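Colleague: So that you have it, the file is structure_2.cif, and it contains mmCIF, C-alpha atoms and all ligand atoms:
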```
data_target
#
loop_
_atom_site.label_atom_id
_atom_site.label_comp_id
_atom_site.auth_asym_id
_atom_site.auth_seq_id
_atom_site.Cartn_x
_atom_site.Cartn_y
_atom_site.Cartn_z
CA MET A 170 12.29 40.53 20.52
CA SER A 171 10.60 41.66 17.36
CA ASP A 172 12.47 43.97 15.08
CA ARG A 173 11.30 47.41 16.10
CA PRO A 174 14.31 49.78 16.12
CA THR A 175 16.16 50.07 19.39
CA GLY A 176 19.08 52.17 20.44
CA GLY A 177 21.10 48.96 20.52
CA SER A 178 23.86 48.74 23.07
CA SER A 179 25.67 51.81 21.82
CA GLY A 180 22.97 53.99 20.22
CA VAL A 181 21.58 56.93 22.11
CA ARG A 182 18.43 58.61 20.89
CA THR A 183 17.61 62.13 21.91
CA PHE A 184 14.03 63.35 22.12
CA ARG A 185 13.15 66.96 22.86
CA VAL A 186 10.35 68.28 25.01
CA GLU A 187 9.14 71.75 24.10
CA CYS A 188 8.15 73.82 27.10
CA GLY A 189 7.52 77.45 28.04
CA GLU A 190 11.21 78.04 28.72
CA GLY A 191 12.38 76.53 25.45
CA SER A 192 13.06 72.84 25.23
CA TYR A 193 15.04 70.14 26.97
CA PRO A 194 16.56 66.89 25.75
CA VAL A 195 15.68 63.39 26.91
CA HIS A 196 18.67 61.16 26.10
CA VAL A 197 17.65 57.51 25.98
CA GLY A 198 20.07 54.65 25.53
CA LEU A 199 21.66 51.61 27.09
CA GLY A 200 24.84 52.78 28.78
CA THR A 201 23.94 56.45 29.13
CA PHE A 202 24.44 56.15 32.91
CA GLU A 203 28.18 55.75 32.33
CA ALA A 204 28.20 58.90 30.19
CA LEU A 205 26.26 60.89 32.79
CA PRO A 206 29.12 62.78 34.51
CA ASP A 207 30.33 63.95 31.11
CA LEU A 208 26.84 64.90 29.93
CA VAL A 209 25.94 66.76 33.11
CA THR A 210 29.14 68.74 33.50
CA GLY A 211 29.13 69.55 29.78
CA SER A 212 25.49 70.55 29.36
CA VAL A 213 24.43 71.79 32.79
CA PRO A 214 27.51 73.44 34.25
CA ALA A 215 27.21 74.32 37.93
CA HIS A 216 29.43 75.31 40.81
CA ARG A 217 28.12 72.39 42.88
CA TYR A 218 25.88 69.43 42.12
CA ALA A 219 23.47 68.06 44.70
CA VAL A 220 22.69 64.39 44.03
CA LEU A 221 19.39 63.51 45.69
CA CYS A 222 18.18 59.93 45.86
CA ASP A 223 16.38 57.47 48.12
CA ASP A 224 18.39 55.07 50.27
CA ASN A 225 17.73 52.06 47.98
CA VAL A 226 18.89 53.76 44.84
CA ASP A 227 21.78 55.30 46.73
CA ARG A 228 23.02 51.81 47.62
CA ILE A 229 22.79 50.62 44.01
CA LEU A 230 23.86 53.68 42.02
CA GLY A 231 24.73 56.61 44.29
CA ALA A 232 28.47 56.01 44.63
CA ARG A 233 28.93 55.39 40.89
CA LEU A 234 27.39 58.73 40.00
CA VAL A 235 29.08 60.71 42.76
CA ASP A 236 32.52 59.19 42.01
CA GLY A 237 32.02 59.84 38.30
CA LEU A 238 31.18 63.49 38.93
CA ARG A 239 34.11 63.94 41.32
CA GLY A 240 36.30 62.35 38.65
CA MET A 241 35.31 65.31 36.47
CA ALA A 242 36.52 67.62 39.29
CA ALA A 243 32.94 68.60 40.15
CA GLU A 244 31.94 69.48 43.72
CA VAL A 245 29.19 67.14 44.85
CA ILE A 246 26.73 67.11 47.73
CA ARG A 247 25.07 63.71 48.28
CA LEU A 248 21.75 63.58 50.14
CA THR A 249 19.39 60.66 50.69
CA PHE A 250 15.93 60.07 52.13
CA PRO A 251 13.98 56.91 52.99
CA ALA A 252 12.61 55.08 49.93
CA GLY A 253 8.87 55.15 49.37
CA GLU A 254 5.88 57.40 48.79
CA ALA A 255 5.86 58.35 52.50
CA SER A 256 8.90 60.57 51.86
CA LYS A 257 7.06 62.73 49.33
CA ASN A 258 6.00 65.34 51.86
CA ARG A 259 6.80 68.83 53.11
CA HIS A 260 8.82 67.50 56.02
CA GLU A 261 11.35 65.79 53.69
CA TRP A 262 11.27 68.79 51.36
CA ALA A 263 12.20 71.09 54.27
CA ARG A 264 14.87 68.74 55.61
CA LEU A 265 16.51 68.36 52.18
CA THR A 266 16.30 72.10 51.51
CA ASP A 267 17.89 72.91 54.87
CA SER A 268 20.64 70.34 54.24
CA LEU A 269 21.41 71.99 50.90
CA LEU A 270 21.60 75.39 52.59
CA ASP A 271 23.88 73.92 55.29
CA ALA A 272 26.09 72.39 52.59
CA GLY A 273 26.42 75.73 50.84
CA LEU A 274 24.47 75.09 47.64
CA ALA A 275 23.84 78.45 46.00
CA ARG A 276 22.08 79.86 42.95
CA ASP A 277 24.87 78.57 40.75
CA GLY A 278 24.25 75.00 41.91
CA ALA A 279 22.17 72.28 40.28
CA VAL A 280 20.12 69.34 41.55
CA ILE A 281 20.43 65.85 40.10
CA ALA A 282 17.39 63.68 40.89
CA LEU A 283 18.50 60.06 40.67
CA GLY A 284 15.61 57.68 41.25
CA GLY A 285 12.02 56.73 40.62
CA GLY A 286 8.95 58.91 40.45
CA VAL A 287 9.06 59.76 44.15
CA THR A 288 12.57 61.15 43.78
CA GLY A 289 11.66 63.07 40.63
CA ASP A 290 8.70 64.69 42.36
CA LEU A 291 10.43 65.40 45.68
CA ALA A 292 13.90 66.40 44.45
CA GLY A 293 12.23 68.23 41.57
CA PHE A 294 10.17 70.29 43.99
CA VAL A 295 13.28 70.98 46.06
CA ALA A 296 14.98 72.25 42.88
CA ALA A 297 11.88 74.25 41.88
CA THR A 298 11.79 76.14 45.17
CA PHE A 299 15.45 76.35 46.17
CA MET A 300 16.36 80.04 45.85
CA ARG A 301 13.32 80.34 43.54
CA GLY A 302 14.58 77.58 41.31
CA VAL A 303 17.88 75.94 40.38
CA PRO A 304 18.53 73.71 37.34
CA LEU A 305 17.35 70.11 37.60
CA VAL A 306 18.73 67.03 35.87
CA TYR A 307 16.51 63.97 36.11
CA VAL A 308 17.94 60.46 35.91
CA PRO A 309 14.97 58.09 36.15
CA THR A 310 15.80 54.67 37.58
CA SER A 311 12.40 52.92 37.81
CA LEU A 312 10.67 51.84 34.61
CA LEU A 313 7.68 53.95 35.64
CA ALA A 314 9.84 57.05 35.90
CA MET A 315 11.60 56.28 32.60
CA VAL A 316 8.38 55.96 30.59
CA ASP A 317 6.22 58.42 32.47
CA ALA A 318 7.28 60.54 35.46
CA SER A 319 10.51 61.90 33.96
CA ILE A 320 8.72 63.63 31.09
CA GLY A 321 6.51 66.63 31.55
CA GLY A 322 8.05 68.84 34.21
CA LYS A 323 5.60 68.17 37.02
CA THR A 324 7.00 68.07 40.54
CA GLY A 325 5.06 67.76 43.76
CA LEU A 326 4.33 66.51 47.22
CA ASP A 327 1.52 64.67 48.99
CA THR A 328 -0.53 66.12 51.83
CA THR A 329 -3.04 64.58 54.22
CA HIS A 330 -5.72 65.88 51.81
CA GLY A 331 -4.39 63.81 48.94
CA LYS A 332 -1.51 63.04 46.61
CA ASN A 333 0.38 65.65 44.57
CA LEU A 334 -1.62 68.57 45.96
CA VAL A 335 1.39 70.85 46.44
CA GLY A 336 3.82 71.26 43.57
CA ALA A 337 5.15 73.18 40.62
CA PHE A 338 6.01 72.86 36.99
CA HIS A 339 9.80 72.83 36.91
CA PRO A 340 11.04 71.27 33.68
CA PRO A 341 14.44 69.62 33.97
CA ARG A 342 17.34 70.96 31.91
CA MET A 343 18.02 67.42 30.78
CA VAL A 344 16.74 63.88 31.32
CA VAL A 345 19.18 60.98 31.01
CA THR A 346 17.47 57.61 30.74
CA ASP A 347 19.41 54.35 30.77
CA PRO A 348 16.94 51.46 30.41
CA ARG A 349 19.62 49.11 31.72
CA LEU A 350 19.07 50.55 35.21
CA ALA A 351 15.67 48.80 35.25
CA VAL A 352 17.30 45.37 35.59
CA THR A 353 17.65 45.70 39.36
CA LEU A 354 13.93 46.39 39.80
CA SER A 355 11.62 43.52 40.73
CA ARG A 356 9.43 41.96 38.05
CA GLU A 357 6.39 43.59 39.74
CA GLN A 358 8.05 47.01 39.58
CA ARG A 359 8.74 46.51 35.89
CA ALA A 360 5.07 45.55 35.42
CA GLU A 361 4.04 48.83 37.14
CA GLY A 362 6.02 50.77 34.55
CA LEU A 363 4.78 48.68 31.63
CA VAL A 364 1.19 49.61 32.48
CA GLU A 365 1.90 53.23 31.52
CA ALA A 366 3.69 52.02 28.38
CA VAL A 367 0.60 49.98 27.45
CA LYS A 368 -1.43 53.15 27.99
CA HIS A 369 0.80 55.08 25.58
CA GLY A 370 0.33 52.43 22.92
CA ALA A 371 -3.40 52.13 23.56
CA ILE A 372 -4.05 55.83 23.08
CA LEU A 373 -1.71 56.67 20.21
CA ASP A 374 0.21 53.82 18.64
CA ASP A 375 -1.22 50.39 18.00
CA GLY A 376 2.08 49.23 16.45
CA TYR A 377 3.90 50.04 19.68
CA LEU A 378 1.18 48.32 21.71
CA THR A 379 1.59 45.17 19.62
CA HIS A 380 5.33 45.36 20.13
CA ILE A 381 4.91 45.56 23.90
CA GLU A 382 2.46 42.68 23.80
CA GLU A 383 4.90 40.49 21.86
CA ASN A 384 7.71 41.30 24.28
CA ILE A 385 5.96 41.28 27.64
CA GLU A 386 7.85 38.26 28.96
CA ALA A 387 11.24 39.55 27.84
CA THR A 388 10.58 42.99 29.33
CA LEU A 389 9.28 41.69 32.65
CA GLY A 390 12.25 39.32 32.71
CA ALA A 391 14.70 42.26 32.36
CA ASP A 392 15.99 41.59 28.85
CA VAL A 393 17.87 44.84 28.22
CA ASP A 394 17.00 45.14 24.54
CA ALA A 395 13.31 44.65 25.32
CA LEU A 396 13.57 47.26 28.08
CA GLY A 397 15.36 49.63 25.71
CA ALA A 398 12.69 49.33 23.02
CA ALA A 399 9.82 49.73 25.50
CA VAL A 400 11.35 52.85 27.03
CA GLU A 401 12.23 54.41 23.70
CA GLY A 402 8.72 53.88 22.30
CA SER A 403 7.05 55.41 25.33
CA VAL A 404 9.42 58.36 25.55
CA ALA A 405 8.72 59.08 21.87
CA ILE A 406 4.97 59.19 22.54
CA LYS A 407 5.01 61.08 25.82
CA THR A 408 7.50 63.73 24.66
CA ARG A 409 5.31 64.34 21.60
CA VAL A 410 2.14 64.77 23.64
CA VAL A 411 3.69 66.94 26.34
CA SER A 412 5.44 69.15 23.77
CA GLN A 413 2.09 69.94 22.22
CA ASP A 414 0.39 70.72 25.50
CA GLU A 415 2.65 71.40 28.46
CA ARG A 416 0.01 72.64 30.90
CA GLU A 417 -2.65 70.02 30.31
CA GLN A 418 -5.14 72.31 28.58
CA GLY A 419 -5.91 69.87 25.81
CA LEU A 420 -4.09 66.95 24.20
CA ARG A 421 -2.16 66.08 27.36
CA SER A 422 -5.40 64.93 28.96
CA VAL A 423 -5.30 61.82 26.74
CA LEU A 424 -2.57 60.57 29.10
CA ASN A 425 -5.35 60.18 31.67
CA PHE A 426 -6.75 57.17 29.83
CA GLY A 427 -7.45 54.51 32.46
CA HIS A 428 -6.85 57.02 35.25
CA THR A 429 -10.37 58.32 35.97
CA LEU A 430 -11.47 54.85 37.03
CA GLY A 431 -7.90 53.91 38.01
CA HIS A 432 -7.58 56.65 40.64
CA ALA A 433 -11.07 55.88 41.95
CA ILE A 434 -10.30 52.14 42.19
CA GLU A 435 -6.99 52.90 43.93
CA ALA A 436 -8.84 55.02 46.50
CA ALA A 437 -11.79 52.61 46.86
CA SER A 438 -9.32 49.77 47.56
CA ASP A 439 -7.87 51.99 50.29
CA PHE A 440 -4.62 51.90 48.28
CA GLY A 441 -4.53 48.09 48.62
CA LEU A 442 -4.12 48.05 44.83
CA SER A 443 -0.98 49.72 43.48
CA HIS A 444 -1.29 52.62 41.06
CA GLY A 445 -0.24 50.37 38.17
CA ALA A 446 -2.70 47.61 39.05
CA ALA A 447 -5.52 50.14 39.47
CA VAL A 448 -4.73 51.88 36.16
CA ALA A 449 -4.41 48.55 34.34
CA LEU A 450 -7.90 47.67 35.52
CA GLY A 451 -9.05 51.22 34.83
CA MET A 452 -7.95 50.94 31.18
CA VAL A 453 -9.84 47.69 30.71
CA LEU A 454 -13.00 49.09 32.31
CA GLU A 455 -12.81 52.42 30.47
CA ALA A 456 -12.47 50.49 27.20
CA ARG A 457 -15.58 48.54 28.21
CA LEU A 458 -17.35 51.83 29.00
CA GLY A 459 -16.54 53.04 25.50
CA GLU A 460 -17.82 49.81 24.02
CA HIS A 461 -21.01 50.11 26.06
CA LEU A 462 -21.53 53.62 24.68
CA GLY A 463 -20.83 52.47 21.12
CA VAL A 464 -17.78 54.78 20.91
CA THR A 465 -15.05 52.14 21.16
CA GLU A 466 -14.55 49.32 18.68
CA SER A 467 -15.78 46.07 20.17
CA GLY A 468 -13.05 43.65 21.26
CA THR A 469 -10.85 46.50 22.58
CA GLY A 470 -11.58 45.72 26.24
CA ASP A 471 -10.87 42.02 25.66
CA ARG A 472 -7.50 42.70 24.07
CA LEU A 473 -6.47 45.05 26.88
CA ALA A 474 -7.71 42.52 29.44
CA GLY A 475 -5.42 39.87 27.90
CA ILE A 476 -2.41 42.18 28.13
CA VAL A 477 -3.21 43.17 31.70
CA ARG A 478 -3.49 39.52 32.79
CA ARG A 479 -0.11 38.79 31.24
CA LEU A 480 1.31 41.63 33.33
CA GLY A 481 0.11 39.64 36.36
CA MET A 482 -2.71 42.06 37.09
CA ARG A 483 -6.49 41.83 37.40
CA ASP A 484 -8.91 42.62 34.61
CA ARG A 485 -11.99 42.61 36.86
CA LEU A 486 -12.86 44.56 40.00
CA PRO A 487 -11.87 42.61 43.15
CA GLU A 488 -14.91 41.59 45.17
CA ALA A 489 -13.67 43.63 48.13
CA VAL A 490 -13.87 46.86 46.13
CA GLU A 491 -17.44 48.17 46.09
CA PRO A 492 -18.57 49.45 42.67
CA GLU A 493 -20.53 52.18 44.44
CA ALA A 494 -17.41 53.35 46.29
CA VAL A 495 -15.59 53.58 42.96
CA VAL A 496 -18.45 55.65 41.49
CA THR A 497 -18.29 58.01 44.49
CA PHE A 498 -14.51 58.45 44.19
CA THR A 499 -14.75 59.32 40.49
CA GLY A 500 -16.64 62.45 41.58
CA SER A 501 -13.72 63.63 43.72
CA ASP A 502 -11.09 63.09 40.99
CA LYS A 503 -8.83 66.15 40.66
CA LYS A 504 -9.69 66.29 36.99
CA ALA A 505 -13.48 66.12 37.44
CA ARG A 506 -15.26 69.28 36.32
CA ARG A 507 -17.83 70.45 38.85
CA GLY A 508 -18.04 66.91 40.22
CA ALA A 509 -18.77 65.33 36.82
CA PRO A 510 -16.09 62.76 36.00
CA ARG A 511 -14.74 62.91 32.47
CA TYR A 512 -13.27 60.04 30.53
CA VAL A 513 -10.72 59.60 27.79
CA LEU A 514 -12.36 57.08 25.46
CA LEU A 515 -10.71 55.09 22.71
CA GLU A 516 -12.09 54.85 19.24
CA ARG A 517 -9.97 51.75 18.87
CA LEU A 518 -6.51 50.71 20.10
CA GLY A 519 -4.05 53.38 19.01
CA ALA A 520 -6.72 56.04 18.44
CA ILE A 521 -8.55 58.33 20.83
CA ALA A 522 -12.21 59.21 20.33
CA ALA A 523 -12.09 62.99 20.05
CA GLY A 524 -14.77 64.64 22.16
CA GLU A 525 -15.06 68.11 23.55
CA GLY A 526 -11.41 68.71 24.57
CA TRP A 527 -10.54 65.00 24.20
CA VAL A 528 -12.66 63.94 27.17
CA HIS A 529 -16.23 62.75 27.47
CA PRO A 530 -18.74 63.02 30.29
CA VAL A 531 -20.27 59.59 30.94
CA PRO A 532 -23.57 59.17 32.82
CA LEU A 533 -23.03 57.68 36.27
CA ASP A 534 -25.54 54.93 35.54
CA VAL A 535 -23.45 53.68 32.67
CA VAL A 536 -20.33 53.66 34.85
CA ARG A 537 -22.25 51.83 37.57
CA THR A 538 -23.55 49.21 35.14
CA VAL A 539 -20.13 48.51 33.62
CA LEU A 540 -18.49 48.23 37.06
CA ARG A 541 -21.15 45.84 38.33
CA GLU A 542 -20.81 43.67 35.22
CA HIS A 543 -17.08 43.32 35.84
CA VAL A 544 -16.73 42.26 39.46
CA GLU A 545 -14.50 39.22 40.00
CA ALA A 546 -16.36 36.00 40.74
CA ASP A 547 -14.64 34.06 43.53
N1 LIG B 1 5.65 63.93 37.93
C1 LIG B 1 4.98 63.12 37.15
O1 LIG B 1 4.64 63.46 36.01
C2 LIG B 1 4.62 61.75 37.64
C3 LIG B 1 4.05 60.82 36.76
C4 LIG B 1 3.77 59.54 37.24
C5 LIG B 1 4.04 59.22 38.56
N2 LIG B 1 4.58 60.15 39.39
C6 LIG B 1 4.88 59.82 40.79
O2 LIG B 1 5.84 58.78 40.80
C7 LIG B 1 5.73 58.05 42.01
C8 LIG B 1 5.83 56.58 41.70
O3 LIG B 1 7.04 56.33 41.04
P1 LIG B 1 7.89 55.01 41.26
O4 LIG B 1 7.00 53.83 41.11
O5 LIG B 1 9.10 55.12 40.43
O6 LIG B 1 8.20 55.09 42.82
P2 LIG B 1 9.56 55.17 43.63
O7 LIG B 1 10.36 56.33 43.24
O8 LIG B 1 9.19 55.05 45.06
O9 LIG B 1 10.32 53.85 43.18
C9 LIG B 1 9.77 52.59 43.50
C10 LIG B 1 10.78 51.73 44.27
O10 LIG B 1 11.78 51.28 43.36
C11 LIG B 1 13.06 51.52 43.92
N3 LIG B 1 13.96 51.72 42.80
C12 LIG B 1 13.99 52.76 41.93
N4 LIG B 1 14.89 52.54 40.97
C13 LIG B 1 15.45 51.33 41.22
C14 LIG B 1 16.42 50.54 40.56
N5 LIG B 1 17.00 50.94 39.41
N6 LIG B 1 16.74 49.33 41.08
C15 LIG B 1 16.13 48.89 42.21
N7 LIG B 1 15.20 49.60 42.88
C16 LIG B 1 14.86 50.80 42.39
C17 LIG B 1 12.89 52.71 44.81
O11 LIG B 1 13.89 52.78 45.80
C18 LIG B 1 11.49 52.46 45.39
O12 LIG B 1 11.62 51.59 46.49
C19 LIG B 1 4.42 58.47 42.65
O13 LIG B 1 4.68 59.31 43.74
C20 LIG B 1 3.71 59.25 41.55
O14 LIG B 1 2.87 60.26 42.05
C21 LIG B 1 4.88 61.40 38.95
ZN ZN B 2 -0.38 56.65 36.09
#
```
Would you give me this structure, written as structure tokens?
Modeller:
Amino acid sequence: MSDRPTGGSSGVRTFRVECGEGSYPVHVGLGTFEALPDLVTGSVPAHRYAVLCDDNVDRILGARLVDGLRGMAAEVIRLTFPAGEASKNRHEWARLTDSLLDAGLARDGAVIALGGGVTGDLAGFVAATFMRGVPLVYVPTSLLAMVDASIGGKTGLDTTHGKNLVGAFHPPRMVVTDPRLAVTLSREQRAEGLVEAVKHGAILDDGYLTHIEENIEATLGADVDALGAAVEGSVAIKTRVVSQDEREQGLRSVLNFGHTLGHAIEAASDFGLSHGAAVALGMVLEARLGEHLGVTESGTGDRLAGIVRRLGMRDRLPEAVEPEAVVTFTGSDKKARRGAPRYVLLERLGAIAAGEGWVHPVPLDVVRTVLREHVEAD
């Protein structure tokens, strides 16, 4: 561990996210899970609490939270769904909503989403739509959800037309993040989360990026202080960005660094590559794009490639993924404007190259050339 400040084992840091409805706190600290029943009943009073989580997380943490809440004399409804992206659909949304109606949740109830990004999106959308919206408390349990999905108020579901195509902005009343919960994740799951943390450092804070780089092994290996520092640094960056631009009109688009190519690579690999692996590769290749265009300081792609390899991920396009297929998928990206993909480019690590609205159009030929130059040799 290097000596960047952490919450330590007792310190809790509170960040605030400004949003249309006011602002909400994100409490980050080792041990905050134990304080959760107190925090929730004190700050988000409700007649009944519905704890929603997937069956994995329920096994690990469900009973502790439910018992803690009941210990505070709260009425609790506990609902679970099968773990995995496949649950993020309208069928599960309807089933959970009906179960809440059956259990008597009313307008004076609140939803507690305990889990990873799937739970945040699914339970968040249940909360957003239940009787036109009940309060939501989000307790992220995957590293990805701690550093990324829990901040920003987006909820949503997948459809056969694509991911996250149905949803709503429904900011939580409170986020409670205990980095210690990430110890029961696999090393690969921690790496998935660290990719988004690397992104935060790459776009806005080179000091934080260096810190992550120096502590990769400790963080992947579930050292709690390393996890605490990584989470705190990312939450600081993402809360700042989202507070300035809740609805993704401007600054928030910088969070898409690595994602224009990342989403296209994910799709072109037929989802054989995970989101994290695809975005890790996307960041390296988008840095190389910037270097090719003379916008990004040279050496940036190499440094990101080194970090990505240490996360156990690829820094070159797998042979099985056709560069041309990637180019085609960039045109169908949700964030493409009239079919023209737009890229967040770095000036250097820790600094974005400001273009028109933070994003740059890049000629398809340049994208094609960079992709072809970076296919894995076998
Ligand atoms: N709303 C947003 O702003 C936003 C941002 C990024 C990603 N997302 C969404 O997040 C989802 C991916 O999130 P994810 O990777 O957390 O997926 P996930 O919620 O499916 O969690 C991944 C796996 O880890 C398990 N898990 C979670 N916490 C655990 C713990 N503490 N110990 C052991 N196992 C645990 C889960 O049961 C699951 O099997 C995607 O659907 C993506 O679209 C949303
Ligand atoms: Zn992402």
Colleague: Around ligand LIG 1 (chain B), which protein and nucleic acid residues have at least one atom no more than 6 Å from it, if we count only C-alpha atoms and all ligand atoms? List them as a PDB file with C-alpha atoms, in the frame of the given file.
Modeller:
```pdb
ATOM      1  CA  ASP A 223      16.380  57.470  48.120  1.00  0.00           C
ATOM      2  CA  ASN A 225      17.730  52.060  47.980  1.00  0.00           C
ATOM      3  CA  VAL A 226      18.890  53.760  44.840  1.00  0.00           C
ATOM      4  CA  ALA A 252      12.610  55.080  49.930  1.00  0.00           C
ATOM      5  CA  GLY A 253       8.870  55.150  49.370  1.00  0.00           C
ATOM      6  CA  GLU A 254       5.880  57.400  48.790  1.00  0.00           C
ATOM      7  CA  GLY A 284      15.610  57.680  41.250  1.00  0.00           C
ATOM      8  CA  GLY A 285      12.020  56.730  40.620  1.00  0.00           C
ATOM      9  CA  GLY A 286       8.950  58.910  40.450  1.00  0.00           C
ATOM     10  CA  VAL A 287       9.060  59.760  44.150  1.00  0.00           C
ATOM     11  CA  THR A 288      12.570  61.150  43.780  1.00  0.00           C
ATOM     12  CA  ASP A 290       8.700  64.690  42.360  1.00  0.00           C
ATOM     13  CA  THR A 310      15.800  54.670  37.580  1.00  0.00           C
ATOM     14  CA  SER A 311      12.400  52.920  37.810  1.00  0.00           C
ATOM     15  CA  LEU A 313       7.680  53.950  35.640  1.00  0.00           C
ATOM     16  CA  ALA A 314       9.840  57.050  35.900  1.00  0.00           C
ATOM     17  CA  ASP A 317       6.220  58.420  32.470  1.00  0.00           C
ATOM     18  CA  ALA A 318       7.280  60.540  35.460  1.00  0.00           C
ATOM     19  CA  GLY A 321       6.510  66.630  31.550  1.00  0.00           C
ATOM     20  CA  LYS A 323       5.600  68.170  37.020  1.00  0.00           C
ATOM     21  CA  THR A 324       7.000  68.070  40.540  1.00  0.00           C
ATOM     22  CA  LEU A 350      19.070  50.550  35.210  1.00  0.00           C
ATOM     23  CA  ALA A 351      15.670  48.800  35.250  1.00  0.00           C
ATOM     24  CA  THR A 353      17.650  45.700  39.360  1.00  0.00           C
ATOM     25  CA  LEU A 354      13.930  46.390  39.800  1.00  0.00           C
TER      26      LEU A 354
END
```
Colleague: Report, in Å with one decimal, the straight-line distance from CA of Ala456 (chain A) to CA of Leu514 (chain A).
Modeller: 6.8 Å
Colleague: Near Leu473 (chain A), within 12 Å and counting only C-alpha atoms, which residues show up once chain neighbours fewer than 4 positions away are dropped, as an MDAnalysis selection string?
Modeller: chainID A and resid 364 367:368 370:372 375 378:379 381:382 427 448:457 467:469 477:480 482:485 515 517:519
Colleague: Using only C-alpha atoms and all ligand atoms, I'd like a table of the residues in chain A that come within 8 Å of ligand ZN 2 (chain B); for each, show the closest atom pair and its distance in Å rounded to one decimal, ordered by chain and ascending number, as CSV.
Modeller:
```
residue,atom,partner,partner_atom,distance
A:Asp317,CA,B:ZN2,ZN,7.7
A:Glu365,CA,B:ZN2,ZN,6.1
A:Asn425,CA,B:ZN2,ZN,7.5
A:His428,CA,B:ZN2,ZN,6.5
A:His444,CA,B:ZN2,ZN,6.5
A:Gly445,CA,B:ZN2,ZN,6.6
A:Val448,CA,B:ZN2,ZN,6.5
```
Colleague: Can you measure CA of Val197 (chain A) to CA of Glu401 (chain A) for me? One decimal in Å is fine.
Modeller: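 Spanning CA of Val197 (chain A) to CA of Glu401 (chain A) is a straight-line distance of 6.6 Å.
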Colleague: Using only C-alpha atoms, which of the listed residues (A:Leu420, A:Leu230, A:Ala255, A:Leu199) sits closest to Val181 (chain A)?
Modeller: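 Among the listed residues, A:Leu199 lies closest to Val181 (chain A).
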Colleague: Applying 12 Å and only C-alpha atoms, which residues near Asp534 (chain A) remain after dropping the ones on its own chain fewer than 6 positions away? List them as a list in words.
Modeller: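 Residues near the query, excluding close chain neighbours: Leu458, His461, Leu462, Pro492, Glu493, Val496, Thr497, Leu540 and Arg541 of chain A.
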Colleague: Would you kindly return, as a PDB file with C-alpha atoms, in the coordinates of the input, each protein, DNA or RNA residue with an atom no farther than 6 Å from any atom of Ser403 (chain A), considering all atoms listed in the file and excluding same-chain residues fewer than 2 positions away?
Modeller:
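Result file follows (around31.pdb):
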```pdb
ATOM      1  CA  VAL A 316       8.380  55.960  30.590  1.00  0.00           C
ATOM      2  CA  ALA A 366       3.690  52.020  28.380  1.00  0.00           C
ATOM      3  CA  VAL A 400      11.350  52.850  27.030  1.00  0.00           C
ATOM      4  CA  GLU A 401      12.230  54.410  23.700  1.00  0.00           C
ATOM      5  CA  ALA A 405       8.720  59.080  21.870  1.00  0.00           C
ATOM      6  CA  ILE A 406       4.970  59.190  22.540  1.00  0.00           C
TER       7      ILE A 406
END
```
Colleague: May I ask for the distance between CA of Val213 (chain A) and CA of Val411 (chain A), given in Å to one decimal place?
Modeller: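 Result for CA of Val213 (chain A) versus CA of Val411 (chain A): 22.3 Å, one decimal.
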